[in-house]
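S.K.: File name model05.txt; file contents compact mmCIF, C-alpha atoms; full text below.
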# COMPACT_ATOMS: atom_id res chain seq x y z
CA MET A 1 -45.74 45.96 15.92
CA THR A 2 -46.06 48.32 18.91
CA LEU A 3 -45.12 47.13 22.37
CA LEU A 4 -48.76 47.24 23.46
CA ALA A 5 -49.67 45.03 20.51
CA LEU A 6 -46.81 42.70 21.45
CA ASP A 7 -48.14 42.59 25.01
CA ASN A 8 -51.61 41.64 23.78
CA TRP A 9 -50.13 38.90 21.60
CA LEU A 10 -48.03 37.56 24.48
CA LEU A 11 -51.03 37.59 26.82
CA LYS A 12 -53.32 35.76 24.40
CA PRO A 13 -51.17 33.57 22.14
CA ARG A 14 -52.77 31.20 19.63
CA SER A 15 -51.93 27.61 20.41
CA PRO A 16 -51.30 25.45 17.31
CA ALA A 17 -53.41 22.31 17.11
CA GLY A 18 -51.76 19.14 18.38
CA LEU A 19 -48.93 20.94 20.13
CA SER A 20 -47.12 18.43 22.34
CA GLY A 21 -43.77 16.90 23.25
CA PHE A 22 -40.55 18.65 22.32
CA ARG A 23 -42.40 21.04 20.01
CA ARG A 24 -44.51 22.28 22.92
CA PHE A 25 -41.40 22.65 25.09
CA LEU A 26 -39.69 24.69 22.37
CA VAL A 27 -42.70 26.98 21.84
CA GLU A 28 -43.14 27.53 25.59
CA PHE A 29 -39.42 28.17 26.02
CA VAL A 30 -39.37 30.81 23.25
CA CYS A 31 -42.53 32.46 24.59
CA PHE A 32 -41.09 32.43 28.10
CA GLY A 33 -37.94 34.12 26.81
CA LEU A 34 -39.96 36.79 24.99
CA LYS A 35 -41.99 37.57 28.10
CA GLU A 36 -38.86 37.74 30.24
CA ALA A 37 -37.20 40.10 27.76
CA ARG A 38 -40.31 42.28 27.66
CA ALA A 39 -40.55 42.33 31.48
CA CYS A 40 -36.91 43.50 31.57
CA LEU A 41 -37.65 46.42 29.22
CA PHE A 42 -36.68 49.18 31.65
CA ALA A 43 -33.66 47.29 32.98
CA GLY A 44 -32.57 46.31 29.47
CA LEU A 45 -32.74 49.84 28.09
CA PHE A 46 -31.08 51.31 31.16
CA PHE A 47 -28.17 48.86 31.20
CA THR A 48 -27.75 49.26 27.44
CA ALA A 49 -27.16 52.94 28.18
CA VAL A 50 -24.63 51.92 30.87
CA PHE A 51 -22.67 49.98 28.25
CA LEU A 52 -22.90 52.61 25.51
CA VAL A 53 -22.28 55.86 27.39
CA PRO A 54 -18.50 56.40 27.68
CA ARG A 55 -17.02 56.78 31.14
CA ALA A 56 -15.87 60.28 30.15
CA GLY A 57 -19.45 61.23 29.26
CA LEU A 58 -20.69 62.89 26.07
CA PHE A 59 -20.63 66.51 24.90
CA GLY A 60 -19.20 67.63 28.22
CA VAL A 61 -21.99 65.99 30.24
CA PRO A 62 -20.71 63.52 32.88
CA ARG A 63 -21.74 59.87 32.51
CA TYR A 64 -23.75 59.69 35.74
CA ASP A 65 -25.80 62.74 34.71
CA LEU A 66 -26.49 61.27 31.29
CA LEU A 67 -27.64 58.01 32.87
CA LEU A 68 -30.07 59.90 35.11
CA ALA A 69 -31.53 61.74 32.11
CA ILE A 70 -31.85 58.48 30.16
CA ALA A 71 -33.52 56.68 33.08
CA LEU A 72 -36.04 59.51 33.49
CA ALA A 73 -36.76 59.52 29.76
CA ILE A 74 -37.36 55.75 29.70
CA GLN A 75 -39.67 55.95 32.71
CA LEU A 76 -41.65 58.85 31.22
CA TRP A 77 -41.98 57.05 27.89
CA MET A 78 -43.28 53.88 29.55
CA VAL A 79 -45.97 55.82 31.42
CA LEU A 80 -47.04 57.93 28.43
CA THR A 81 -47.35 54.86 26.20
CA GLY A 82 -49.37 52.92 28.78
CA LEU A 83 -46.69 50.34 29.44
CA GLU A 84 -46.84 51.31 33.11
CA THR A 85 -49.71 52.78 35.11
CA ILE A 86 -49.51 55.72 37.48
CA ASP A 87 -49.99 53.39 40.47
CA GLU A 88 -47.10 51.26 39.24
CA LEU A 89 -45.00 54.39 38.77
CA LYS A 90 -45.67 55.34 42.39
CA ALA A 91 -44.40 51.94 43.53
CA ILE A 92 -41.30 52.28 41.35
CA CYS A 93 -40.62 55.75 42.81
CA LEU A 94 -40.81 54.16 46.27
CA PHE A 95 -38.18 51.60 45.20
CA HIS A 96 -36.03 54.50 44.01
CA VAL A 97 -36.25 56.27 47.37
CA ILE A 98 -35.59 53.07 49.35
CA GLY A 99 -32.63 52.19 47.16
CA PHE A 100 -31.17 55.69 47.23
CA ALA A 101 -31.36 55.83 51.03
CA LEU A 102 -29.47 52.54 51.19
CA GLU A 103 -26.88 53.86 48.75
CA VAL A 104 -26.27 56.99 50.82
CA PHE A 105 -25.66 54.91 53.93
CA LYS A 106 -23.49 52.26 52.26
CA THR A 107 -21.23 54.81 50.54
CA SER A 108 -20.85 57.09 53.58
CA GLY A 109 -17.37 57.66 54.95
CA ASN A 110 -17.79 55.48 58.02
CA ILE A 111 -19.19 52.52 56.07
CA GLY A 112 -17.57 52.62 52.60
CA SER A 113 -19.13 49.40 51.30
CA TRP A 114 -18.70 50.70 47.74
CA SER A 115 -18.13 54.01 45.98
CA TYR A 116 -19.01 55.99 42.86
CA PRO A 117 -15.64 57.30 41.68
CA ASP A 118 -16.66 59.61 38.83
CA PHE A 119 -17.75 63.25 38.97
CA ALA A 120 -21.40 64.24 38.43
CA TYR A 121 -23.49 67.35 38.92
CA THR A 122 -26.40 65.22 40.11
CA LYS A 123 -24.64 63.65 43.08
CA LEU A 124 -26.32 63.99 46.46
CA PHE A 125 -24.38 62.97 49.58
CA GLY A 126 -21.78 61.47 47.24
CA VAL A 127 -24.32 59.25 45.46
CA PRO A 128 -25.45 59.89 41.86
CA LEU A 129 -29.22 60.20 41.62
CA PHE A 130 -29.41 57.61 38.85
CA SER A 131 -28.44 54.87 41.33
CA GLY A 132 -31.97 54.60 42.71
CA PHE A 133 -33.14 53.50 39.28
CA MET A 134 -31.11 50.30 39.60
CA TYR A 135 -33.41 49.32 42.45
CA ALA A 136 -36.44 50.65 40.57
CA ALA A 137 -35.48 48.36 37.66
CA VAL A 138 -36.03 45.34 39.92
CA GLY A 139 -39.48 46.62 40.87
CA SER A 140 -40.33 47.38 37.25
CA TYR A 141 -39.36 43.83 36.25
CA ILE A 142 -41.56 42.23 38.92
CA ILE A 143 -44.53 44.46 38.02
CA GLN A 144 -44.24 43.74 34.30
CA ALA A 145 -43.65 40.00 34.81
CA TRP A 146 -46.73 39.77 37.04
CA ARG A 147 -48.92 41.02 34.21
CA LEU A 148 -47.25 39.26 31.27
CA PHE A 149 -47.11 35.85 32.96
CA ASP A 150 -50.56 36.26 34.55
CA LEU A 151 -48.91 35.51 37.88
CA ARG A 152 -50.95 34.23 40.79
CA VAL A 153 -49.58 33.38 44.21
CA ARG A 154 -50.95 30.48 46.22
CA HIS A 155 -50.61 30.25 50.02
CA HIS A 156 -49.09 33.69 50.47
CA PRO A 157 -48.41 34.38 54.17
CA PRO A 158 -50.50 37.03 55.97
CA TYR A 159 -49.59 40.48 54.69
CA TRP A 160 -48.57 41.78 58.11
CA MET A 161 -46.08 38.94 58.56
CA ALA A 162 -44.61 39.49 55.11
CA GLY A 163 -44.41 43.23 55.82
CA VAL A 164 -42.60 42.76 59.14
CA MET A 165 -40.06 40.42 57.55
CA ALA A 166 -39.49 42.85 54.68
CA LEU A 167 -38.82 45.67 57.17
CA LEU A 168 -36.39 43.47 59.11
CA VAL A 169 -34.57 42.55 55.89
CA TYR A 170 -34.21 46.23 54.97
CA ALA A 171 -33.11 47.17 58.49
CA ASN A 172 -30.42 44.46 58.48
CA PHE A 173 -28.71 46.14 55.52
CA PHE A 174 -28.03 49.03 57.90
CA THR A 175 -27.70 47.42 61.32
CA HIS A 176 -25.31 44.62 60.37
CA HIS A 177 -22.50 47.17 60.44
CA PHE A 178 -23.14 47.71 64.15
CA ILE A 179 -24.81 44.68 65.76
CA GLY A 180 -23.97 41.79 63.44
CA ASP A 181 -25.31 40.36 60.20
CA TYR A 182 -28.50 38.37 60.74
CA ARG A 183 -29.30 37.71 57.09
CA TRP A 184 -29.18 33.92 57.49
CA TYR A 185 -31.57 34.05 60.43
CA LEU A 186 -33.86 36.22 58.33
CA ALA A 187 -33.46 33.83 55.39
CA ALA A 188 -34.43 30.93 57.64
CA GLY A 189 -37.48 32.86 58.81
CA LEU A 190 -38.46 33.62 55.23
CA CYS A 191 -38.08 29.95 54.29
CA GLY A 192 -40.55 29.07 57.01
CA LEU A 193 -42.91 31.91 56.12
CA TYR A 194 -43.00 31.14 52.40
CA ALA A 195 -42.53 27.34 52.63
CA ARG A 196 -45.99 26.59 51.19
CA SER A 197 -46.11 29.56 48.81
CA GLU A 198 -45.97 28.91 45.11
CA VAL A 199 -46.27 31.10 42.06
CA VAL A 200 -48.56 30.06 39.21
CA PHE A 201 -47.50 31.51 35.88
CA ARG A 202 -48.37 31.07 32.22
CA PRO A 203 -45.40 31.08 29.81
CA PHE A 204 -47.65 30.14 26.87
CA ASP A 205 -51.16 28.69 27.12
CA GLN A 206 -50.87 26.44 30.16
CA ASP A 207 -50.23 27.21 33.80
CA ARG A 208 -46.93 26.19 35.35
CA ARG A 209 -45.96 26.27 39.03
CA MET A 210 -42.81 27.12 40.93
CA PRO A 211 -41.97 27.51 44.63
CA LEU A 212 -42.01 31.21 45.37
CA LEU A 213 -38.74 30.93 47.31
CA LEU A 214 -37.02 29.52 44.22
CA SER A 215 -38.14 32.52 42.17
CA PHE A 216 -36.60 34.88 44.75
CA VAL A 217 -33.27 33.07 44.53
CA LEU A 218 -33.26 32.97 40.71
CA ILE A 219 -34.04 36.67 40.36
CA GLY A 220 -31.34 37.46 42.93
CA PHE A 221 -28.84 35.44 40.88
CA PHE A 222 -29.49 37.38 37.68
CA ILE A 223 -29.22 40.68 39.54
CA TRP A 224 -25.86 39.50 40.89
CA LEU A 225 -24.75 38.82 37.30
CA ALA A 226 -25.87 42.32 36.28
CA GLU A 227 -23.90 43.71 39.23
CA ASN A 228 -20.76 42.00 37.98
CA ILE A 229 -21.25 43.53 34.54
CA SER A 230 -21.87 46.99 36.04
CA THR A 231 -18.71 46.93 38.17
CA PHE A 232 -16.73 45.67 35.18
CA PHE A 233 -17.80 48.83 33.33
CA SER A 234 -16.74 50.88 36.40
CA LEU A 235 -20.25 52.11 37.20
CA TRP A 236 -19.26 51.72 40.83
CA HIS A 237 -16.48 49.94 42.72
CA TYR A 238 -16.25 47.71 45.76
CA PRO A 239 -13.10 48.21 47.88
CA ASN A 240 -11.50 45.03 46.46
CA GLN A 241 -12.03 46.32 42.90
CA MET A 242 -10.15 49.61 43.25
CA GLY A 243 -6.88 48.34 41.78
CA ALA A 244 -8.31 45.88 39.25
CA TRP A 245 -11.71 44.39 38.60
CA SER A 246 -12.60 41.14 40.31
CA ILE A 247 -15.83 39.18 40.51
CA VAL A 248 -18.39 40.43 43.03
CA HIS A 249 -18.40 38.19 46.09
CA VAL A 250 -21.00 35.45 45.75
CA GLY A 251 -22.37 36.47 49.14
CA LYS A 252 -23.97 39.46 47.40
CA TRP A 253 -26.29 36.94 45.72
CA SER A 254 -27.96 36.34 49.09
CA SER A 255 -28.25 40.10 49.67
CA TRP A 256 -29.98 40.59 46.33
CA SER A 257 -32.31 37.65 46.94
CA LEU A 258 -33.37 39.21 50.23
CA LEU A 259 -33.87 42.56 48.51
CA VAL A 260 -36.08 40.81 45.94
CA VAL A 261 -38.28 39.54 48.79
CA MET A 262 -38.66 43.10 50.05
CA THR A 263 -39.46 44.38 46.55
CA PHE A 264 -41.95 41.57 45.99
CA THR A 265 -43.72 42.48 49.24
CA ILE A 266 -44.20 46.07 48.08
CA VAL A 267 -45.44 45.01 44.64
CA ALA A 268 -47.82 42.46 46.19
CA ASN A 269 -49.70 45.32 47.83
CA LEU A 270 -50.69 46.97 44.55
CA LYS A 271 -54.48 46.76 44.35
CA HIS A 272 -54.75 45.08 40.94
CA ILE A 273 -52.05 42.56 41.90
CA LYS A 274 -53.38 41.85 45.37
CA ALA A 275 -56.51 40.35 43.82
CA ARG A 276 -54.37 37.53 42.37
CA ILE A 277 -52.88 36.50 45.70
CA HIS A 278 -54.37 33.74 47.80
CA VAL A 279 -53.83 34.22 51.52
CA PRO A 280 -55.05 31.24 53.59
CA ASP A 281 -57.64 32.06 56.24
Can you give me the file's structure in the form of structure tokens?

M.R.:
Amino acid sequence: MTLLALDNWLLKPRSPAGLSGFRRFLVEFVCFGLKEARACLFAGLFFTAVFLVPRAGLFGVPRYDLLLAIALAIQLWMVLTGLETIDELKAICLFHVIGFALEVFKTSGNIGSWSYPDFAYTKLFGVPLFSGFMYAAVGSYIIQAWRLFDLRVRHHPPYWMAGVMALLVYANFFTHHFIGDYRWYLAAGLCGLYARSEVVFRPFDQDRRMPLLLSFVLIGFFIWLAENISTFFSLWHYPNQMGAWSIVHVGKWSSWSLLVVMTFTIVANLKHIKARIHVPD
């Protein structure tokens, strides 16, 4: 079965007659897991490469350079096979640029929030070019999940308000080194802005609902877990991990959740997705 055929099956599953109770829960749970795994296709393939490529590289090619080549190959394959559209690719490239700019700032000598210790030919300003794909993976997941789960958003705030908050969230990642960290004020503002918002999704053949804010927090949590795995494999290091690995501070969970809000705002402005968003008059 090709991935496109799998997508069609996941989008239009056949519901067995008389499905109810625990049996329905089990079927929906399995289908939900399949859709989540499919939505994580880019991230899953990319992080598989992270685990498999030795730190010393292969055939004389440094690890960071190999990861860049693999990420580009995965992205090209997804576009050529129709798993992603050109418009979606443009959005993902924007995530890459936004993420890479943040990486350059955070790893600069005066900031030093984290570092990439290994050599690579494809480093720019001390940051390997593959790093932007870690942010692009989040965007790819949201785009794919929107389609596979037939996502619809109810009571989305006005686009200009969401856009301003997303810009402030992004700016705070830079400015908190100079004028203080206002993430919790921003989080409070986002809670008010998205208080009525809910996401309607279809894991199997019936719609389910979830507060949109909860989805931001859950996605941020799983990214935080992936970050712990990545630092364990020495993909990058925080200052407290230079001597020996330790768990990434739980405060990073909040940072990732805020970044998810920003990513969601960009995705929400894709034309074919925007039609599924209800903005109250």

S.K.: Given the choices A:His155, A:Lys252, A:His96, A:Arg63, which gets closest to A:Val200 if the distance is worked out from only C-alpha atoms?

M.R.: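 Closest residue, counting only C-alpha atoms: A:His155.
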
S.K.: Using atom CA of A:Lys123 and atom CA of A:Phe105 as the two end points, give the distance in Å to one decimal.

M.R.: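 Atom CA of A:Phe105 lies at a distance of 14.0 Å from atom CA of A:Lys123.
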
S.K.: Given the point (-44.9, 43.8, 44.1) in the file's coordinates, find the residues that have an atom at most 8 Å from it, counting only C-alpha atoms, and give them as a list in words.

M.R.: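 Answer for this query, in the requested form: Gly139, Ile142, Ile143, Thr263, Phe264, Thr265, Ile266, Val267, Ala268, Asn269, Leu270 and Ile273 of chain A.
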
S.K.: For the contact check between stretch 70-177 of chain A and stretch 22-40 of chain A, emit one row per residue of stretch 70-177 of chain A within 9 Å, containing the shortest atom pair and the distance in Å rounded to one decimal, counting all atoms listed in the file, chain then rising number order, as JSON lines.

M.R.:
{"residue": "A:Ala137", "atom": "CA", "partner": "A:Cys40", "partner_atom": "CA", "distance": 7.9}
{"residue": "A:Val138", "atom": "CA", "partner": "A:Cys40", "partner_atom": "CA", "distance": 8.6}
{"residue": "A:Ser140", "atom": "CA", "partner": "A:Ala39", "partner_atom": "CA", "distance": 7.7}
{"residue": "A:Tyr141", "atom": "CA", "partner": "A:Ala39", "partner_atom": "CA", "distance": 5.1}
{"residue": "A:Ile142", "atom": "CA", "partner": "A:Ala39", "partner_atom": "CA", "distance": 7.5}
{"residue": "A:Ile143", "atom": "CA", "partner": "A:Ala39", "partner_atom": "CA", "distance": 7.9}
{"residue": "A:Gln144", "atom": "CA", "partner": "A:Ala39", "partner_atom": "CA", "distance": 4.9}
{"residue": "A:Ala145", "atom": "CA", "partner": "A:Ala39", "partner_atom": "CA", "distance": 5.1}
{"residue": "A:Trp146", "atom": "CA", "partner": "A:Ala39", "partner_atom": "CA", "distance": 8.7}
{"residue": "A:Arg147", "atom": "CA", "partner": "A:Ala39", "partner_atom": "CA", "distance": 8.9}
{"residue": "A:Leu148", "atom": "CA", "partner": "A:Lys35", "partner_atom": "CA", "distance": 6.4}
{"residue": "A:Phe149", "atom": "CA", "partner": "A:Lys35", "partner_atom": "CA", "distance": 7.3}

S.K.: For A:Phe42, which residue among A:Gly21, A:Ala136, A:Tyr121, A:Gly99 is the nearest when counting all atoms listed in the file?

M.R.: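 Checking each candidate against A:Phe42, we get A:Ala136 as the closest.
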
S.K.: Please report the interatomic distance between atom CA of A:Leu218 and atom CA of A:Val260 in Å with one decimal.

M.R.: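 Distance between the two atoms: 9.8 Å.
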
S.K.: Quick one: everything within 12 Å of stretch 76-78 of chain A, counting all atoms listed in the file, minus sequence neighbours fewer than 4 positions away in the same chain. Send it as a VMD selection string.

M.R.: chain A and resid 3 to 4 41 to 42 45 69 to 72 82 to 86 88 to 89 140 144

S.K.: To one decimal in Å, tell me the separation between atom CA of A:Phe125 and atom CA of A:Ser108.

M.R.: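 Separation of atom CA of A:Phe125 and atom CA of A:Ser108: 7.9 Å.
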
S.K.: Between A:Asp181, A:Ala166, A:Val97, A:Ser246, which residue has the minimum interatomic distance to A:Tyr135, considering all atoms listed in the file?

M.R.: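 Ranked by minimum distance to A:Tyr135, first place goes to A:Val97.
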
S.K.: Could you check which of A:Tyr159, A:Arg152, A:Val169, A:Arg276 is closest to A:Leu212, using only C-alpha atoms?

M.R.: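 With only C-alpha atoms as the atom set, the closest residue is A:Arg152.
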
S.K.: Please provide as a compact mmCIF listing (two decimals) with C-alpha atoms, in the coordinates of the input all residues within 8 Å of A:Leu186, with the sequence filter that same-chain residues fewer than 4 positions apart are discarded (counting all atoms listed in the file).

M.R.:
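Saved file result24.txt follows:
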# COMPACT_ATOMS: atom_id res chain seq x y z
CA MET A 165 -40.06 40.42 57.55
CA LEU A 168 -36.39 43.47 59.11
CA VAL A 169 -34.57 42.55 55.89
CA TYR A 182 -28.50 38.37 60.74
CA LEU A 190 -38.46 33.62 55.23

S.K.: When you look at A:Leu67 with a cut-off of 12 Å (counting all atoms listed in the file), what residues show up, excluding the ones that are within fewer than 5 positions of it in the same chain? I need them as a PyMOL selection string.

M.R.: chain A and resi 45-55+57-58+61-62+72-74+120-122+128-134+235

S.K.: Would you list the contacts of A:Ser197 as a count of residues only, taking every protein, DNA or RNA residue within 9 Å and counting all atoms listed in the file, but skipping same-chain residues closer than 6 positions in sequence?

M.R.: 9

S.K.: With distances taken over only C-alpha atoms, which of A:Glu198, A:Arg208, A:Phe119, A:Asn110 is nearest to A:Phe178?

M.R.: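 Selected residue with least distance to A:Phe178: A:Asn110.
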
S.K.: Pick from A:Leu11, A:Trp114, A:Tyr170, A:Val79: nearest to A:Phe95, with all atoms listed in the file counted?

M.R.: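 Of A:Leu11, A:Trp114, A:Tyr170, A:Val79, the one nearest A:Phe95, counting all atoms listed in the file, is A:Tyr170.
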
S.K.: If I wrap all listed atoms of stretch 144-152 of chain A in a box with edges along x, y and z and add 6 Å on each side, what are its centre and edge lengths in Å to one decimal, as JSON?

M.R.:
{"center_x": -47.3, "center_y": 39.0, "center_z": 36.0, "size_x": 19.3, "size_y": 21.5, "size_z": 21.5}
